[in-house]
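Dumped final.pdb below, it's PDB, C-alpha atoms:
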ATOM      1  CA  MET A 700     -83.960 -22.498 149.737  1.00  0.00           C
ATOM      2  CA  THR A 701     -82.847 -18.887 149.387  1.00  0.00           C
ATOM      3  CA  ASN A 702     -82.460 -18.137 145.733  1.00  0.00           C
ATOM      4  CA  VAL A 703     -80.261 -15.507 144.106  1.00  0.00           C
ATOM      5  CA  LEU A 704     -82.227 -15.884 140.867  1.00  0.00           C
ATOM      6  CA  LYS A 705     -85.348 -14.194 142.248  1.00  0.00           C
ATOM      7  CA  LYS A 706     -87.140 -12.496 139.327  1.00  0.00           C
ATOM      8  CA  THR A 707     -90.161 -10.275 138.723  1.00  0.00           C
ATOM      9  CA  ALA A 708     -91.690 -11.953 135.643  1.00  0.00           C
ATOM     10  CA  ILE A 709     -92.000 -15.368 134.045  1.00  0.00           C
ATOM     11  CA  LEU A 710     -92.324 -16.273 130.374  1.00  0.00           C
ATOM     12  CA  PHE A 711     -93.977 -19.694 130.072  1.00  0.00           C
ATOM     13  CA  ASP A 712     -94.166 -22.045 127.148  1.00  0.00           C
ATOM     14  CA  MET A 713     -97.631 -23.624 126.925  1.00  0.00           C
ATOM     15  CA  ASP A 714     -97.708 -27.129 125.357  1.00  0.00           C
ATOM     16  CA  GLY A 715     -95.638 -29.523 127.432  1.00  0.00           C
ATOM     17  CA  THR A 716     -95.121 -26.939 130.167  1.00  0.00           C
ATOM     18  CA  LEU A 717     -98.492 -25.725 131.408  1.00  0.00           C
ATOM     19  CA  LEU A 718    -100.798 -27.981 129.406  1.00  0.00           C
ATOM     20  CA  ASP A 719    -100.583 -31.585 128.242  1.00  0.00           C
ATOM     21  CA  THR A 720    -102.099 -31.336 124.752  1.00  0.00           C
ATOM     22  CA  GLN A 721    -100.387 -34.352 123.198  1.00  0.00           C
ATOM     23  CA  GLN A 722    -103.413 -36.659 123.047  1.00  0.00           C
ATOM     24  CA  ALA A 723    -105.778 -33.964 121.788  1.00  0.00           C
ATOM     25  CA  PHE A 724    -103.260 -32.846 119.176  1.00  0.00           C
ATOM     26  CA  GLY A 725    -102.444 -36.366 117.990  1.00  0.00           C
ATOM     27  CA  ASP A 726    -106.074 -37.446 117.805  1.00  0.00           C
ATOM     28  CA  SER A 727    -107.036 -34.345 115.826  1.00  0.00           C
ATOM     29  CA  MET A 728    -104.169 -34.677 113.378  1.00  0.00           C
ATOM     30  CA  ASN A 729    -104.795 -38.396 112.904  1.00  0.00           C
ATOM     31  CA  ASP A 730    -108.496 -37.717 112.245  1.00  0.00           C
ATOM     32  CA  PHE A 731    -107.482 -35.396 109.425  1.00  0.00           C
ATOM     33  CA  LEU A 732    -104.904 -37.803 107.999  1.00  0.00           C
ATOM     34  CA  ARG A 733    -107.310 -40.746 108.207  1.00  0.00           C
ATOM     35  CA  ALA A 734    -110.068 -38.811 106.429  1.00  0.00           C
ATOM     36  CA  GLU A 735    -107.641 -38.059 103.581  1.00  0.00           C
ATOM     37  CA  GLY A 736    -106.552 -41.704 103.351  1.00  0.00           C
ATOM     38  CA  PHE A 737    -103.039 -40.996 104.633  1.00  0.00           C
ATOM     39  CA  PRO A 738    -101.054 -43.008 107.213  1.00  0.00           C
ATOM     40  CA  VAL A 739    -101.513 -41.950 110.838  1.00  0.00           C
ATOM     41  CA  PHE A 740     -98.854 -41.529 113.513  1.00  0.00           C
ATOM     42  CA  SER A 741     -98.310 -42.722 117.078  1.00  0.00           C
ATOM     43  CA  MET A 742     -98.621 -40.453 120.095  1.00  0.00           C
ATOM     44  CA  GLU A 743     -94.880 -40.846 120.634  1.00  0.00           C
ATOM     45  CA  ALA A 744     -94.243 -39.492 117.141  1.00  0.00           C
ATOM     46  CA  TYR A 745     -96.369 -36.452 117.932  1.00  0.00           C
ATOM     47  CA  ARG A 746     -94.503 -36.018 121.201  1.00  0.00           C
ATOM     48  CA  ARG A 747     -91.367 -35.425 119.160  1.00  0.00           C
ATOM     49  CA  LEU A 748     -93.104 -32.956 116.848  1.00  0.00           C
ATOM     50  CA  LEU A 749     -94.947 -30.846 119.412  1.00  0.00           C
ATOM     51  CA  GLY A 750     -93.322 -27.500 119.988  1.00  0.00           C
ATOM     52  CA  ASP A 751     -92.908 -26.772 116.291  1.00  0.00           C
ATOM     53  CA  THR A 752     -95.382 -24.757 114.230  1.00  0.00           C
ATOM     54  CA  LEU A 753     -98.523 -26.354 112.819  1.00  0.00           C
ATOM     55  CA  VAL A 754     -97.297 -25.768 109.257  1.00  0.00           C
ATOM     56  CA  ASN A 755     -94.045 -27.606 109.941  1.00  0.00           C
ATOM     57  CA  ILE A 756     -95.855 -30.469 111.674  1.00  0.00           C
ATOM     58  CA  LEU A 757     -98.176 -30.850 108.697  1.00  0.00           C
ATOM     59  CA  ARG A 758     -95.156 -30.938 106.389  1.00  0.00           C
ATOM     60  CA  ALA A 759     -93.697 -33.695 108.560  1.00  0.00           C
ATOM     61  CA  VAL A 760     -96.801 -35.929 108.665  1.00  0.00           C
ATOM     62  CA  LEU A 761     -98.181 -35.516 105.145  1.00  0.00           C
ATOM     63  CA  PRO A 762     -96.927 -37.937 102.469  1.00  0.00           C
ATOM     64  CA  GLU A 763     -94.127 -36.253 100.541  1.00  0.00           C
ATOM     65  CA  HIS A 764     -96.123 -35.992  97.318  1.00  0.00           C
ATOM     66  CA  LYS A 765     -99.008 -34.334  99.183  1.00  0.00           C
ATOM     67  CA  ARG A 766     -97.045 -31.522 100.832  1.00  0.00           C
ATOM     68  CA  THR A 767     -98.574 -28.865  98.619  1.00  0.00           C
ATOM     69  CA  ASP A 768     -99.683 -25.409  99.720  1.00  0.00           C
ATOM     70  CA  ASP A 769    -103.318 -26.349  99.092  1.00  0.00           C
ATOM     71  CA  MET A 770    -103.117 -29.518 101.187  1.00  0.00           C
ATOM     72  CA  ILE A 771    -101.315 -27.759 104.026  1.00  0.00           C
ATOM     73  CA  GLU A 772    -103.944 -25.013 104.006  1.00  0.00           C
ATOM     74  CA  LYS A 773    -106.689 -27.650 104.067  1.00  0.00           C
ATOM     75  CA  GLY A 774    -104.948 -29.485 106.880  1.00  0.00           C
ATOM     76  CA  MET A 775    -104.670 -26.327 108.955  1.00  0.00           C
ATOM     77  CA  ARG A 776    -108.348 -25.527 108.497  1.00  0.00           C
ATOM     78  CA  ILE A 777    -109.650 -29.005 109.324  1.00  0.00           C
ATOM     79  CA  PHE A 778    -107.168 -29.636 112.115  1.00  0.00           C
ATOM     80  CA  GLN A 779    -108.143 -26.413 113.878  1.00  0.00           C
ATOM     81  CA  GLN A 780    -111.822 -27.388 113.800  1.00  0.00           C
ATOM     82  CA  LYS A 781    -111.110 -30.814 115.256  1.00  0.00           C
ATOM     83  CA  TYR A 782    -108.533 -29.618 117.773  1.00  0.00           C
ATOM     84  CA  ARG A 783    -110.814 -27.032 119.346  1.00  0.00           C
ATOM     85  CA  LEU A 784    -113.370 -29.767 120.068  1.00  0.00           C
ATOM     86  CA  SER A 785    -110.801 -32.353 121.117  1.00  0.00           C
ATOM     87  CA  CYS A 786    -109.158 -30.016 123.618  1.00  0.00           C
ATOM     88  CA  GLU A 787    -112.374 -29.782 125.604  1.00  0.00           C
ATOM     89  CA  ASN A 788    -111.824 -33.360 126.769  1.00  0.00           C
ATOM     90  CA  GLY A 789    -108.319 -34.331 125.691  1.00  0.00           C
ATOM     91  CA  ALA A 790    -106.144 -31.517 127.035  1.00  0.00           C
ATOM     92  CA  ARG A 791    -105.393 -30.858 130.704  1.00  0.00           C
ATOM     93  CA  PRO A 792    -103.131 -28.777 132.925  1.00  0.00           C
ATOM     94  CA  TYR A 793    -100.252 -30.747 134.413  1.00  0.00           C
ATOM     95  CA  ASP A 794    -100.667 -31.659 138.078  1.00  0.00           C
ATOM     96  CA  GLY A 795     -99.772 -28.741 140.300  1.00  0.00           C
ATOM     97  CA  VAL A 796     -99.701 -26.122 137.536  1.00  0.00           C
ATOM     98  CA  LYS A 797    -102.853 -24.263 138.559  1.00  0.00           C
ATOM     99  CA  GLU A 798    -101.726 -24.113 142.165  1.00  0.00           C
ATOM    100  CA  MET A 799     -98.301 -22.864 141.082  1.00  0.00           C
ATOM    101  CA  LEU A 800     -99.803 -20.119 138.923  1.00  0.00           C
ATOM    102  CA  ARG A 801    -102.092 -18.975 141.726  1.00  0.00           C
ATOM    103  CA  SER A 802     -99.154 -18.796 144.147  1.00  0.00           C
ATOM    104  CA  LEU A 803     -97.004 -16.852 141.692  1.00  0.00           C
ATOM    105  CA  GLN A 804     -99.866 -14.462 140.978  1.00  0.00           C
ATOM    106  CA  ALA A 805    -100.445 -13.930 144.704  1.00  0.00           C
ATOM    107  CA  ALA A 806     -96.740 -13.138 145.103  1.00  0.00           C
ATOM    108  CA  GLY A 807     -96.991 -10.369 142.507  1.00  0.00           C
ATOM    109  CA  ILE A 808     -94.985 -12.122 139.789  1.00  0.00           C
ATOM    110  CA  LYS A 809     -95.978 -11.047 136.280  1.00  0.00           C
ATOM    111  CA  LEU A 810     -97.070 -14.119 134.293  1.00  0.00           C
ATOM    112  CA  THR A 811     -96.822 -14.360 130.502  1.00  0.00           C
ATOM    113  CA  ILE A 812     -97.007 -17.035 127.796  1.00  0.00           C
ATOM    114  CA  LEU A 813     -95.161 -17.339 124.486  1.00  0.00           C
ATOM    115  CA  SER A 814     -95.991 -20.386 122.362  1.00  0.00           C
ATOM    116  CA  ASN A 815     -95.246 -21.735 118.905  1.00  0.00           C
ATOM    117  CA  SER A 816     -98.899 -22.771 118.634  1.00  0.00           C
ATOM    118  CA  LEU A 817    -101.271 -20.560 116.655  1.00  0.00           C
ATOM    119  CA  ASP A 818    -102.102 -17.351 118.493  1.00  0.00           C
ATOM    120  CA  ASN A 819    -105.875 -17.883 118.475  1.00  0.00           C
ATOM    121  CA  PHE A 820    -105.501 -21.376 119.942  1.00  0.00           C
ATOM    122  CA  VAL A 821    -103.095 -20.245 122.633  1.00  0.00           C
ATOM    123  CA  LYS A 822    -105.587 -17.617 123.768  1.00  0.00           C
ATOM    124  CA  PHE A 823    -108.482 -20.105 123.521  1.00  0.00           C
ATOM    125  CA  LEU A 824    -106.697 -22.713 125.636  1.00  0.00           C
ATOM    126  CA  VAL A 825    -105.536 -20.212 128.238  1.00  0.00           C
ATOM    127  CA  ASN A 826    -109.079 -18.859 128.622  1.00  0.00           C
ATOM    128  CA  ARG A 827    -110.440 -22.397 128.745  1.00  0.00           C
ATOM    129  CA  PHE A 828    -108.078 -23.838 131.369  1.00  0.00           C
ATOM    130  CA  PHE A 829    -106.795 -20.816 133.335  1.00  0.00           C
ATOM    131  CA  PRO A 830    -109.663 -18.305 133.505  1.00  0.00           C
ATOM    132  CA  GLU A 831    -108.724 -17.293 137.036  1.00  0.00           C
ATOM    133  CA  ILE A 832    -105.121 -16.345 136.152  1.00  0.00           C
ATOM    134  CA  ALA A 833    -104.485 -12.752 135.056  1.00  0.00           C
ATOM    135  CA  PHE A 834    -101.704 -13.282 132.505  1.00  0.00           C
ATOM    136  CA  SER A 835    -100.033 -10.010 131.540  1.00  0.00           C
ATOM    137  CA  ALA A 836     -99.427 -11.193 127.968  1.00  0.00           C
ATOM    138  CA  VAL A 837    -100.347 -14.298 125.951  1.00  0.00           C
ATOM    139  CA  LEU A 838     -98.855 -14.697 122.478  1.00  0.00           C
ATOM    140  CA  GLY A 839     -98.675 -17.464 119.899  1.00  0.00           C
ATOM    141  CA  ILE A 840     -97.618 -17.639 116.283  1.00  0.00           C
ATOM    142  CA  ARG A 841     -98.763 -14.593 114.293  1.00  0.00           C
ATOM    143  CA  PRO A 842     -98.471 -14.068 110.518  1.00  0.00           C
ATOM    144  CA  GLY A 843     -95.264 -12.476 109.384  1.00  0.00           C
ATOM    145  CA  LEU A 844     -93.531 -12.592 112.774  1.00  0.00           C
ATOM    146  CA  PRO A 845     -90.704 -14.954 113.752  1.00  0.00           C
ATOM    147  CA  LYS A 846     -91.315 -17.930 116.037  1.00  0.00           C
ATOM    148  CA  LYS A 847     -89.222 -19.277 118.883  1.00  0.00           C
ATOM    149  CA  PRO A 848     -86.268 -19.695 119.225  1.00  0.00           C
ATOM    150  CA  ASP A 849     -86.070 -16.249 117.652  1.00  0.00           C
ATOM    151  CA  PRO A 850     -86.211 -13.888 120.666  1.00  0.00           C
ATOM    152  CA  TYR A 851     -88.629 -11.467 118.952  1.00  0.00           C
ATOM    153  CA  GLY A 852     -91.736 -12.546 120.872  1.00  0.00           C
ATOM    154  CA  ALA A 853     -89.934 -12.748 124.217  1.00  0.00           C
ATOM    155  CA  LEU A 854     -88.476  -9.274 123.808  1.00  0.00           C
ATOM    156  CA  GLU A 855     -91.843  -7.951 122.640  1.00  0.00           C
ATOM    157  CA  ILE A 856     -93.413  -9.171 125.880  1.00  0.00           C
ATOM    158  CA  ALA A 857     -90.602  -7.701 127.978  1.00  0.00           C
ATOM    159  CA  ASP A 858     -91.070  -4.370 126.218  1.00  0.00           C
ATOM    160  CA  LEU A 859     -94.848  -4.522 126.676  1.00  0.00           C
ATOM    161  CA  LEU A 860     -94.423  -5.028 130.423  1.00  0.00           C
ATOM    162  CA  ALA A 861     -91.559  -2.509 130.595  1.00  0.00           C
ATOM    163  CA  ILE A 862     -89.463  -5.101 132.439  1.00  0.00           C
ATOM    164  CA  ASP A 863     -85.831  -5.757 131.571  1.00  0.00           C
ATOM    165  CA  PRO A 864     -85.439  -9.223 129.956  1.00  0.00           C
ATOM    166  CA  GLY A 865     -82.855 -10.071 132.613  1.00  0.00           C
ATOM    167  CA  ARG A 866     -85.653  -9.970 135.203  1.00  0.00           C
ATOM    168  CA  PHE A 867     -87.507 -12.821 133.471  1.00  0.00           C
ATOM    169  CA  LEU A 868     -87.423 -16.540 134.041  1.00  0.00           C
ATOM    170  CA  CYS A 869     -88.180 -18.423 130.817  1.00  0.00           C
ATOM    171  CA  VAL A 870     -89.844 -21.761 131.603  1.00  0.00           C
ATOM    172  CA  GLY A 871     -90.289 -24.495 129.000  1.00  0.00           C
ATOM    173  CA  ASP A 872     -89.910 -28.154 128.146  1.00  0.00           C
ATOM    174  CA  SER A 873     -87.664 -28.099 125.084  1.00  0.00           C
ATOM    175  CA  GLU A 874     -84.414 -26.978 123.547  1.00  0.00           C
ATOM    176  CA  THR A 875     -86.384 -24.277 121.734  1.00  0.00           C
ATOM    177  CA  ASP A 876     -87.262 -22.640 125.044  1.00  0.00           C
ATOM    178  CA  ILE A 877     -83.660 -22.764 126.243  1.00  0.00           C
ATOM    179  CA  GLU A 878     -82.453 -21.125 123.023  1.00  0.00           C
ATOM    180  CA  THR A 879     -85.196 -18.493 123.217  1.00  0.00           C
ATOM    181  CA  ALA A 880     -84.284 -17.592 126.790  1.00  0.00           C
ATOM    182  CA  LEU A 881     -80.581 -17.263 126.074  1.00  0.00           C
ATOM    183  CA  ALA A 882     -81.170 -15.223 122.918  1.00  0.00           C
ATOM    184  CA  ALA A 883     -83.468 -12.845 124.807  1.00  0.00           C
ATOM    185  CA  GLY A 884     -81.205 -12.493 127.849  1.00  0.00           C
ATOM    186  CA  MET A 885     -83.603 -14.342 130.151  1.00  0.00           C
ATOM    187  CA  THR A 886     -82.855 -17.127 132.636  1.00  0.00           C
ATOM    188  CA  PRO A 887     -83.940 -20.527 131.259  1.00  0.00           C
ATOM    189  CA  ILE A 888     -85.608 -23.110 133.477  1.00  0.00           C
ATOM    190  CA  SER A 889     -86.524 -26.476 131.969  1.00  0.00           C
ATOM    191  CA  VAL A 890     -89.295 -28.790 133.172  1.00  0.00           C
ATOM    192  CA  SER A 891     -88.881 -32.555 133.238  1.00  0.00           C
ATOM    193  CA  TRP A 892     -92.585 -33.407 132.821  1.00  0.00           C
ATOM    194  CA  GLY A 893     -92.949 -32.192 129.222  1.00  0.00           C
ATOM    195  CA  TYR A 894     -92.200 -33.605 125.784  1.00  0.00           C
ATOM    196  CA  ARG A 895     -88.392 -33.906 126.090  1.00  0.00           C
ATOM    197  CA  SER A 896     -86.374 -36.174 128.358  1.00  0.00           C
ATOM    198  CA  VAL A 897     -84.018 -34.862 131.026  1.00  0.00           C
ATOM    199  CA  GLU A 898     -81.114 -36.251 129.000  1.00  0.00           C
ATOM    200  CA  GLU A 899     -82.187 -34.283 125.929  1.00  0.00           C
ATOM    201  CA  LEU A 900     -82.592 -31.116 127.956  1.00  0.00           C
ATOM    202  CA  LYS A 901     -79.112 -31.482 129.435  1.00  0.00           C
ATOM    203  CA  GLN A 902     -77.634 -32.177 126.003  1.00  0.00           C
ATOM    204  CA  ASN A 903     -79.171 -28.903 124.823  1.00  0.00           C
ATOM    205  CA  GLY A 904     -77.683 -26.830 127.589  1.00  0.00           C
ATOM    206  CA  ALA A 905     -80.303 -26.908 130.342  1.00  0.00           C
ATOM    207  CA  GLY A 906     -78.760 -25.539 133.512  1.00  0.00           C
ATOM    208  CA  ILE A 907     -81.799 -25.662 135.783  1.00  0.00           C
ATOM    209  CA  ILE A 908     -84.317 -28.516 135.521  1.00  0.00           C
ATOM    210  CA  ILE A 909     -87.310 -28.756 137.837  1.00  0.00           C
ATOM    211  CA  ASP A 910     -89.351 -31.901 138.436  1.00  0.00           C
ATOM    212  CA  SER A 911     -92.559 -30.390 139.783  1.00  0.00           C
ATOM    213  CA  PRO A 912     -94.353 -27.045 139.356  1.00  0.00           C
ATOM    214  CA  ASP A 913     -93.971 -26.046 143.002  1.00  0.00           C
ATOM    215  CA  GLU A 914     -90.177 -26.043 142.604  1.00  0.00           C
ATOM    216  CA  LEU A 915     -90.530 -22.961 140.413  1.00  0.00           C
ATOM    217  CA  LEU A 916     -91.677 -20.960 143.418  1.00  0.00           C
ATOM    218  CA  ASP A 917     -88.187 -21.194 144.888  1.00  0.00           C
ATOM    219  CA  TYR A 918     -86.682 -19.510 141.859  1.00  0.00           C
ATOM    220  CA  ALA A 919     -89.374 -16.889 141.345  1.00  0.00           C
ATOM    221  CA  VAL A 920     -90.319 -16.042 144.935  1.00  0.00           C
ATOM    222  CA  GLY A 921     -87.596 -17.515 147.138  1.00  0.00           C
ATOM    223  CA  ALA A 922     -87.880 -19.123 150.500  1.00  0.00           C
TER     224      ALA A 922
END
Would you put the structure from the file into structure tokens?
Amino acid sequence: MTNVLKKTAILFDMDGTLLDTQQAFGDSMNDFLRAEGFPVFSMEAYRRLLGDTLVNILRAVLPEHKRTDDMIEKGMRIFQQKYRLSCENGARPYDGVKEMLRSLQAAGIKLTILSNSLDNFVKFLVNRFFPEIAFSAVLGIRPGLPKKPDPYGALEIADLLAIDPGRFLCVGDSETDIETALAAGMTPISVSWGYRSVEELKQNGAGIIIDSPDELLDYAVGA
């Protein structure tokens, strides 16, 4: 496949794109909710919530009368403690992702990550699961800065690498990633193995959907 979309850099989402963190996330959040005597949620419910910020997820799962600033702050603190431990065993790279990243790196493609997860956890998980990959930039949610789909983070990374946004592929599993790519002037590519169905991705404007990590090589490197 000869591809006219050949690019020089890729902006990846993390959860649902590179890493399957659903079980680790859901278990950690349910541990917190259970300890507080609150109802817990199914893994499918968390599948729908993943991709948003931790604060917004806490607002969604806490009982309405408990959605106070103090409880959200407590939830963030306890969840982070549990999640760090849970990820050691409960998170994993999707099949073929490591091989894809190695091939892209060998081809000279600049690799970056922009996530709506907390910045310290994004960096922790990347170091934990991809120590051999030399990412050019890894960013998560940082205080006072807008989150995806605002293009701020994507454009910040493009500026950091001194690469025009139009030379980026933006790879993710949700409508948020599609919106981010379009707002930043990048080419969106959606993955079918993440937390949204193919139907949902198409409904939200996905033009390119890949079913396995090795398909991305065609778009980034070409045949």
Residue neighbourhood Lys809 of chain A, 10 Å, all atoms listed in the file, exclusion window fewer than 3 positions, as a PyMOL selection string: chain A and resi 706-710+803-806+833-836+860+862+867
Near segment 720-723 of chain A, within 10 Å and counting only C-alpha atoms, which residues show up once chain neighbours fewer than 2 positions away are dropped, as a compact mmCIF listing (two decimals) with C-alpha atoms, in the frame of the given file?
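Saved result, part_16.txt, follows:
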# COMPACT_ATOMS: atom_id res chain seq x y z
CA MET A 713 -97.63 -23.62 126.92
CA ASP A 714 -97.71 -27.13 125.36
CA GLY A 715 -95.64 -29.52 127.43
CA THR A 716 -95.12 -26.94 130.17
CA LEU A 717 -98.49 -25.72 131.41
CA LEU A 718 -100.80 -27.98 129.41
CA GLY A 725 -102.44 -36.37 117.99
CA ASP A 726 -106.07 -37.45 117.80
CA SER A 727 -107.04 -34.34 115.83
CA MET A 728 -104.17 -34.68 113.38
CA ASN A 729 -104.80 -38.40 112.90
CA SER A 741 -98.31 -42.72 117.08
CA MET A 742 -98.62 -40.45 120.10
CA GLU A 743 -94.88 -40.85 120.63
CA TYR A 745 -96.37 -36.45 117.93
CA ARG A 746 -94.50 -36.02 121.20
CA ARG A 747 -91.37 -35.42 119.16
CA LEU A 748 -93.10 -32.96 116.85
CA LEU A 749 -94.95 -30.85 119.41
CA LYS A 781 -111.11 -30.81 115.26
CA TYR A 782 -108.53 -29.62 117.77
CA ARG A 783 -110.81 -27.03 119.35
CA LEU A 784 -113.37 -29.77 120.07
CA SER A 785 -110.80 -32.35 121.12
CA CYS A 786 -109.16 -30.02 123.62
CA GLU A 787 -112.37 -29.78 125.60
CA ASN A 788 -111.82 -33.36 126.77
CA GLY A 789 -108.32 -34.33 125.69
CA ALA A 790 -106.14 -31.52 127.04
CA ARG A 791 -105.39 -30.86 130.70
CA PRO A 792 -103.13 -28.78 132.93
CA TYR A 793 -100.25 -30.75 134.41
CA LEU A 824 -106.70 -22.71 125.64
CA GLY A 893 -92.95 -32.19 129.22
CA TYR A 894 -92.20 -33.60 125.78
With distances taken over all atoms listed in the file, which of A:Ala919, A:Ile840, A:Ile812, A:Leu817 is nearest to Arg866 of chain A?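 Going through A:Ala919, A:Ile840, A:Ile812, A:Leu817 one by one, the smallest distance to Arg866 of chain A is for A:Ala919.
Minimum distance to Gln780 of chain A across A:Phe731, A:Gly795, A:Asp768, A:Asp913 (counting only C-alpha atoms) occurs at A:Phe731.
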I'd like the contact shell of segment 895-901 of chain A - 8 Å cut-off, all atoms listed in the file, skipping same-chain residues fewer than 3 positions apart - returned as a ChimeraX atom specification. /A:747,872-874,889,891-892,904-906,908
For Thr886 of chain A, which residue out of A:Glu735, A:Ile832, A:Phe711, A:Gln779 is the nearest one, using only C-alpha atoms?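 The shortest atom-to-atom distance to Thr886 of chain A comes from A:Phe711.
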Using Å and a single decimal, report how far atom CA of Asp751 of chain A sits from atom CA of Tyr851 of chain A.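 Pair atom CA of Tyr851 of chain A / atom CA of Asp751 of chain A returns 16.1 Å.
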Have a look at A:Gly852, A:Gly750, A:Lys797, A:Asp910 and name the one nearest to Val825 of chain A; count all atoms listed in the file.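 Once distances to Val825 of chain A are computed over all atoms listed in the file, the minimum belongs to A:Lys797.
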Choose the residue, out of A:Ser911, A:Asn755, A:Thr811, A:Gln902, that has the smallest atom-to-atom separation from Ile856 of chain A; count all atoms listed in the file. A:Thr811
